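So this block is work_23.txt, compact mmCIF, C-alpha atoms:
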```
# COMPACT_ATOMS: atom_id res chain seq x y z
CA MET T 1 40.80 44.39 -11.10
CA ASP T 2 37.93 44.25 -13.58
CA TYR T 3 37.19 41.01 -15.33
CA LYS T 4 35.92 41.22 -18.93
CA ILE T 5 32.78 39.18 -19.55
CA ASN T 6 32.04 38.41 -23.18
CA ALA T 7 28.49 37.87 -24.39
CA PRO T 8 27.70 34.34 -25.57
CA THR T 9 27.35 34.03 -29.33
CA ASP T 10 24.20 31.89 -29.26
CA GLY T 11 21.98 33.67 -26.75
CA ASP T 12 21.25 36.63 -24.55
CA GLU T 13 22.01 35.11 -21.17
CA MET T 14 24.63 33.03 -19.45
CA ILE T 15 23.86 31.15 -16.23
CA PHE T 16 25.95 28.42 -14.70
CA ARG T 17 26.42 26.80 -11.33
CA HIS T 18 29.43 25.65 -9.33
CA ALA T 19 28.37 23.83 -6.12
CA ASP T 20 25.74 26.15 -4.57
CA ILE T 21 27.03 29.29 -6.26
CA PHE T 22 25.32 30.63 -9.39
CA PHE T 23 26.92 33.00 -11.89
CA SER T 24 24.57 34.88 -14.21
CA CYS T 25 24.89 37.49 -16.93
CA PHE T 26 22.09 38.88 -19.07
CA PHE T 27 22.91 40.49 -22.40
CA ASN T 28 19.43 41.77 -23.18
CA ASP T 29 17.73 44.91 -21.90
CA GLU T 30 15.91 43.44 -18.92
CA ASN T 31 15.16 40.12 -17.25
CA HIS T 32 12.34 39.46 -14.78
CA CYS T 33 11.94 36.40 -12.64
CA VAL T 34 9.88 35.44 -9.64
CA HIS T 35 12.15 33.81 -7.13
CA GLN T 36 10.87 31.65 -4.29
CA SER T 37 13.71 31.68 -1.83
CA ARG T 38 13.63 28.21 -0.35
CA GLU T 39 17.12 28.79 1.05
CA HIS T 40 18.89 31.77 2.59
CA ALA T 41 21.01 33.49 -0.03
CA MET T 42 23.41 36.31 -0.81
CA ASN T 43 23.20 38.02 -4.19
CA TYR T 44 26.07 40.22 -5.36
CA VAL T 45 25.70 42.58 -8.31
CA TYR T 46 28.93 42.59 -10.30
CA SER T 47 27.57 44.96 -12.97
CA GLY T 48 24.27 46.46 -14.00
CA GLU T 49 21.39 46.69 -11.55
CA MET T 50 18.95 44.40 -9.79
CA LEU T 51 15.58 45.45 -8.38
CA ILE T 52 14.10 43.24 -5.66
CA ASP T 53 10.35 43.56 -5.06
CA ASP T 54 9.26 41.74 -1.89
CA GLY T 55 5.66 42.91 -2.12
CA ASN T 56 6.17 45.75 0.37
CA LYS T 57 9.09 47.69 -1.09
CA ILE T 58 11.54 47.68 -4.00
CA THR T 59 15.23 47.46 -3.14
CA HIS T 60 17.66 48.84 -5.74
CA VAL T 61 20.97 46.96 -5.83
CA GLN T 62 23.74 48.36 -7.99
CA LYS T 63 27.28 47.38 -8.95
CA GLY T 64 29.44 46.31 -6.01
CA VAL T 65 26.53 45.82 -3.61
CA CYS T 66 25.39 42.58 -2.01
CA VAL T 67 22.02 41.70 -0.48
CA PHE T 68 20.89 38.95 1.85
CA ILE T 69 17.57 37.30 1.00
CA ARG T 70 15.88 35.26 3.75
CA ARG T 71 14.40 31.89 2.93
CA ASP T 72 10.74 30.93 2.67
CA HIS T 73 9.30 33.92 0.86
CA ARG T 74 8.74 35.12 -2.70
CA VAL T 75 10.48 38.06 -4.36
CA THR T 76 10.47 39.39 -7.91
CA LEU T 77 13.94 40.08 -9.28
CA THR T 78 14.44 42.45 -12.19
CA LYS T 79 17.95 42.38 -13.61
CA LYS T 80 18.83 45.12 -16.05
CA PRO T 81 21.71 47.15 -17.49
CA LEU T 82 22.92 50.33 -15.82
CA ASP T 83 25.43 52.94 -17.02
CA GLY T 84 26.13 50.94 -20.19
CA GLU T 85 26.91 47.69 -18.35
CA GLN T 86 24.74 44.57 -18.62
CA TYR T 87 23.65 42.76 -15.46
CA CYS T 88 26.06 40.17 -14.04
CA GLY T 89 25.76 38.73 -10.57
CA ILE T 90 26.85 36.02 -8.17
CA PHE T 91 24.30 34.16 -6.05
CA LEU T 92 25.39 32.11 -3.01
CA MET T 93 22.84 29.68 -1.62
CA PHE T 94 23.00 28.51 2.01
CA THR T 95 21.20 25.15 2.11
CA ARG T 96 19.82 23.67 5.31
CA ARG T 97 22.34 20.84 5.10
CA PHE T 98 25.27 23.27 4.78
CA LEU T 99 24.00 25.40 7.67
CA ARG T 100 23.58 22.36 9.91
CA GLU T 101 27.16 21.27 9.14
CA MET T 102 28.49 24.75 9.84
CA TYR T 103 26.48 25.01 13.06
CA SER T 104 28.06 21.79 14.32
CA LYS T 105 31.54 23.15 13.40
CA LEU T 106 31.06 26.63 14.81
CA GLY T 107 29.13 25.56 17.90
CA GLN T 108 27.24 27.80 20.27
CA ARG T 109 29.96 30.46 20.33
CA ARG T 110 28.57 31.96 17.10
CA VAL T 111 24.95 32.00 18.30
CA PRO T 112 24.71 34.46 21.21
CA VAL T 113 21.95 33.67 23.72
CA ASN T 114 18.77 35.78 23.45
CA THR T 115 19.87 37.46 20.21
CA PRO T 116 16.83 38.32 18.09
CA LYS T 117 16.51 37.23 14.46
CA LEU T 118 16.65 39.74 11.64
CA ASP T 119 13.24 41.24 10.92
CA SER T 120 13.66 41.99 7.20
CA ASP T 121 13.34 39.60 4.26
CA VAL T 122 15.75 41.56 2.02
CA ILE T 123 18.77 43.24 3.60
CA LYS T 124 21.27 45.38 1.73
CA LEU T 125 24.65 44.48 3.23
CA PRO T 126 27.34 47.00 4.13
CA GLN T 127 30.43 47.03 1.93
CA THR T 128 33.02 45.22 4.04
CA VAL T 129 36.55 44.10 3.25
CA GLU T 130 35.45 40.48 3.74
CA LEU T 131 32.65 40.74 1.16
CA ALA T 132 34.84 42.66 -1.29
CA SER T 133 37.55 39.99 -0.98
CA LEU T 134 35.06 37.14 -1.35
CA PHE T 135 33.47 38.40 -4.55
CA ALA T 136 36.74 39.64 -6.08
CA SER T 137 38.09 36.10 -5.70
CA MET T 138 35.12 34.67 -7.60
CA THR T 139 35.08 36.95 -10.67
CA PRO T 140 37.47 34.73 -12.70
CA TYR T 141 34.76 32.04 -12.55
CA PHE T 142 32.50 34.13 -14.81
CA ASN T 143 34.42 32.39 -17.58
CA PRO T 144 32.21 29.34 -18.26
CA GLU T 145 35.23 27.38 -19.48
CA VAL T 146 36.88 27.59 -16.04
CA LYS T 147 35.70 24.65 -13.94
CA PRO T 148 36.55 25.20 -10.27
CA LYS T 149 36.60 22.28 -7.90
CA ASP T 150 33.61 21.92 -5.58
CA ASP T 151 35.93 22.07 -2.56
CA PHE T 152 36.98 25.61 -3.51
CA MET T 153 33.39 26.70 -4.08
CA ASN T 154 32.35 25.22 -0.74
CA LEU T 155 35.08 27.31 0.91
CA LYS T 156 33.62 30.40 -0.78
CA ILE T 157 30.18 29.60 0.67
CA GLN T 158 31.76 29.19 4.12
CA GLU T 159 33.54 32.52 3.64
CA GLY T 160 30.21 34.15 2.77
CA LEU T 161 28.58 32.72 5.89
CA LEU T 162 31.40 33.95 8.13
CA ALA T 163 31.19 37.41 6.53
CA LEU T 164 27.47 37.55 7.37
CA LEU T 165 28.06 36.45 10.96
CA ASP T 166 30.71 39.16 11.29
CA ILE T 167 28.39 41.88 9.93
CA ASP T 168 25.59 41.41 12.48
CA GLU T 169 25.15 38.89 15.31
CA ARG T 170 21.44 38.62 14.40
CA PHE T 171 22.43 36.60 11.32
CA ALA T 172 23.29 33.65 13.61
CA PRO T 173 19.77 32.94 14.95
CA THR T 174 18.31 33.78 11.52
CA LEU T 175 20.55 31.34 9.63
CA PHE T 176 20.67 28.61 12.27
CA ASP T 177 16.90 28.46 12.88
CA PHE T 178 16.38 24.79 12.04
CA ASN T 179 15.16 22.03 14.36
CA GLU T 180 17.20 20.85 17.32
CA PRO T 181 20.18 18.73 16.15
CA TRP T 182 18.88 15.52 17.71
CA LYS T 183 15.47 15.74 16.01
CA ILE T 184 14.69 14.90 12.41
CA ASP T 185 14.34 17.90 10.09
CA ILE T 186 10.90 17.01 8.74
CA LEU T 187 11.02 19.52 5.85
CA GLU T 188 14.37 18.20 4.60
CA PHE T 189 13.16 14.60 5.03
CA MET T 190 9.98 15.24 3.01
CA ASN T 191 11.87 17.05 0.23
CA GLU T 192 14.34 14.18 -0.10
CA ASN T 193 11.72 11.43 0.04
```

Using the file provided, produce a representation of the structure as C-alpha cells.
Amino acid sequence: MDYKINAPTDGDEMIFRHADIFFSCFFNDENHCVHQSREHAMNYVYSGEMLIDDGNKITHVQKGVCVFIRRDHRVTLTKKPLDGEQYCGIFLMFTRRFLREMYSKLGQRRVPVNTPKLDSDVIKLPQTVELASLFASMTPYFNPEVKPKDDFMNLKIQEGLLALLDIDERFAPTLFDFNEPWKIDILEFMNEN
C-alpha cells in the first residue's frame, strides 16, 4: 500500500520526530547535510534516493532500502528525488539508554560469545520481511497531524533492533558495546551533566 505524502504549503521540507524516530520529506531538488552519528541508527528510504558519503565510499540507497549507520563517525547525506519522486525517509535512532535497557531484557542469549563486531560504518541491509513489515507499519505517520503515542514508537524501535539482530549476529556486539552494566557510563554521564 502506498501512502500519499503531500508537500507542505509553506516550505520545501517536512521533518518531525516521534520518540526517537524521525520522519523527513524534502520537496526541493536536493538536500545535503553532514551528520555526526552519535547513536547507532537505521535509515529507510521511502521514496527518492539518499547518497551516504563516509569519506571512503559513497553508498547509494534507493526506495525500499534500509541502511545501518554505526555511531561515532561523520557521514555526509545527500537526499534527492529519483524517478519523479521526492526524498522521504524514516530514521530510527538507537540511544545508549535504549540499548542498555534492551540488553538487560534480552540478556546474554542475544550476544554470542566471541562474535566479532561489524567492520563497516555504513551497511546496506538486506530486504527482509521483518524490515518491510516495520516500515510499512510506520508510513501512516508521515501525516504530521497524526500523533502516535510514544509507547507505540518505542515498540517500533524495539522491532527495528530485533530485525537487526536477526539479520546478522555481529549486530549484537556492535550495538551492545557499552561499558559493563555495573560501571558508570562516563560518556552518558558527561553528556547529561

Open item on the list: Using all atoms listed in the file and a cutoff of 7 Å, can you tell me which residues are near (18.6, 40.1, 3.7) in the file's coordinates, and write them out as a VMD selection string?
Closed with: chain T and resid 67 to 70 120 to 124

Open item on the list: List as number ranges by chain the protein and nucleic acid residues near range 53-55 of chain T, meaning an atom at most 10 Å away when all atoms listed in the file are counted, but skip any in the same chain fewer than 4 places from it.
Closed with: T: 34-35, 59-60, 69, 73-78, 121-122

Task: Nearby residues (only C-alpha atoms) at most 9 Å from Asp72 in chain T, same-chain spacing under 3 positions excluded, as a ChimeraX atom specification - done: /T:36-40

TODO: Please indicate the distance in Å from CA of Phe152 in chain T to CA of Leu106 in chain T, rounded to one decimal place.
DONE: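 These atoms are spaced 19.3 Å apart.
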
Any chance you could work out the axis-aligned box around range 46-52 of chain T, listed atoms only, 4 Å on each side, giving centre and edge lengths in Å to one decimal, as lines of an AutoDock Vina configuration file?
```
center_x = 21.5
center_y = 44.6
center_z = -9.8
size_x = 22.8
size_y = 12.1
size_z = 16.3
```

Task: Separation of CA of Tyr44 in chain T from CA of Gly89 in chain T, in Å and rounded to one decimal - done: 5.4 Å

Task: Atomic separation - CA of Gly48 in chain T relative to CA of Met93 in chain T, Å - done: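 So the answer is 20.9 Å.
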
TODO: Name the residues within 7 Å of (23.4, 37.1, -3.1), counting all atoms listed in the file in the file's coordinates, and put them as a ChimeraX atom specification.
DONE: /T:41-44,66-68,90-92

Per residue of range 124-165 of chain T within 12 Å of range 94-103 of chain T, what are the shortest atom pair and its distance in Å to one decimal, counting only C-alpha atoms, with rows by chain and residue number, as CSV?
```
residue,atom,partner,partner_atom,distance
T:Asn154,CA,T:Phe98,CA,9.2
T:Leu155,CA,T:Phe98,CA,11.3
T:Lys156,CA,T:Phe94,CA,11.1
T:Ile157,CA,T:Phe94,CA,7.4
T:Gln158,CA,T:Met102,CA,7.9
T:Glu159,CA,T:Met102,CA,11.1
T:Gly160,CA,T:Phe94,CA,9.2
T:Leu161,CA,T:Phe94,CA,8.0
T:Leu162,CA,T:Met102,CA,9.8
T:Leu164,CA,T:Phe94,CA,11.4
T:Leu165,CA,T:Tyr103,CA,11.7
```

Convert the current residue selection to file output with C-alpha atoms, as a PDB file, in the frame of the given file.
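Full text of again-v9.pdb as output:
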```
ATOM      1  CA  ASN T 154      32.350  25.220  -0.740  1.00  0.00           C
ATOM      2  CA  LEU T 155      35.080  27.310   0.910  1.00  0.00           C
ATOM      3  CA  LYS T 156      33.620  30.400  -0.780  1.00  0.00           C
ATOM      4  CA  ILE T 157      30.180  29.600   0.670  1.00  0.00           C
ATOM      5  CA  GLN T 158      31.760  29.190   4.120  1.00  0.00           C
ATOM      6  CA  GLU T 159      33.540  32.520   3.640  1.00  0.00           C
ATOM      7  CA  GLY T 160      30.210  34.150   2.770  1.00  0.00           C
ATOM      8  CA  LEU T 161      28.580  32.720   5.890  1.00  0.00           C
ATOM      9  CA  LEU T 162      31.400  33.950   8.130  1.00  0.00           C
ATOM     10  CA  LEU T 164      27.470  37.550   7.370  1.00  0.00           C
ATOM     11  CA  LEU T 165      28.060  36.450  10.960  1.00  0.00           C
TER      12      LEU T 165
END
```
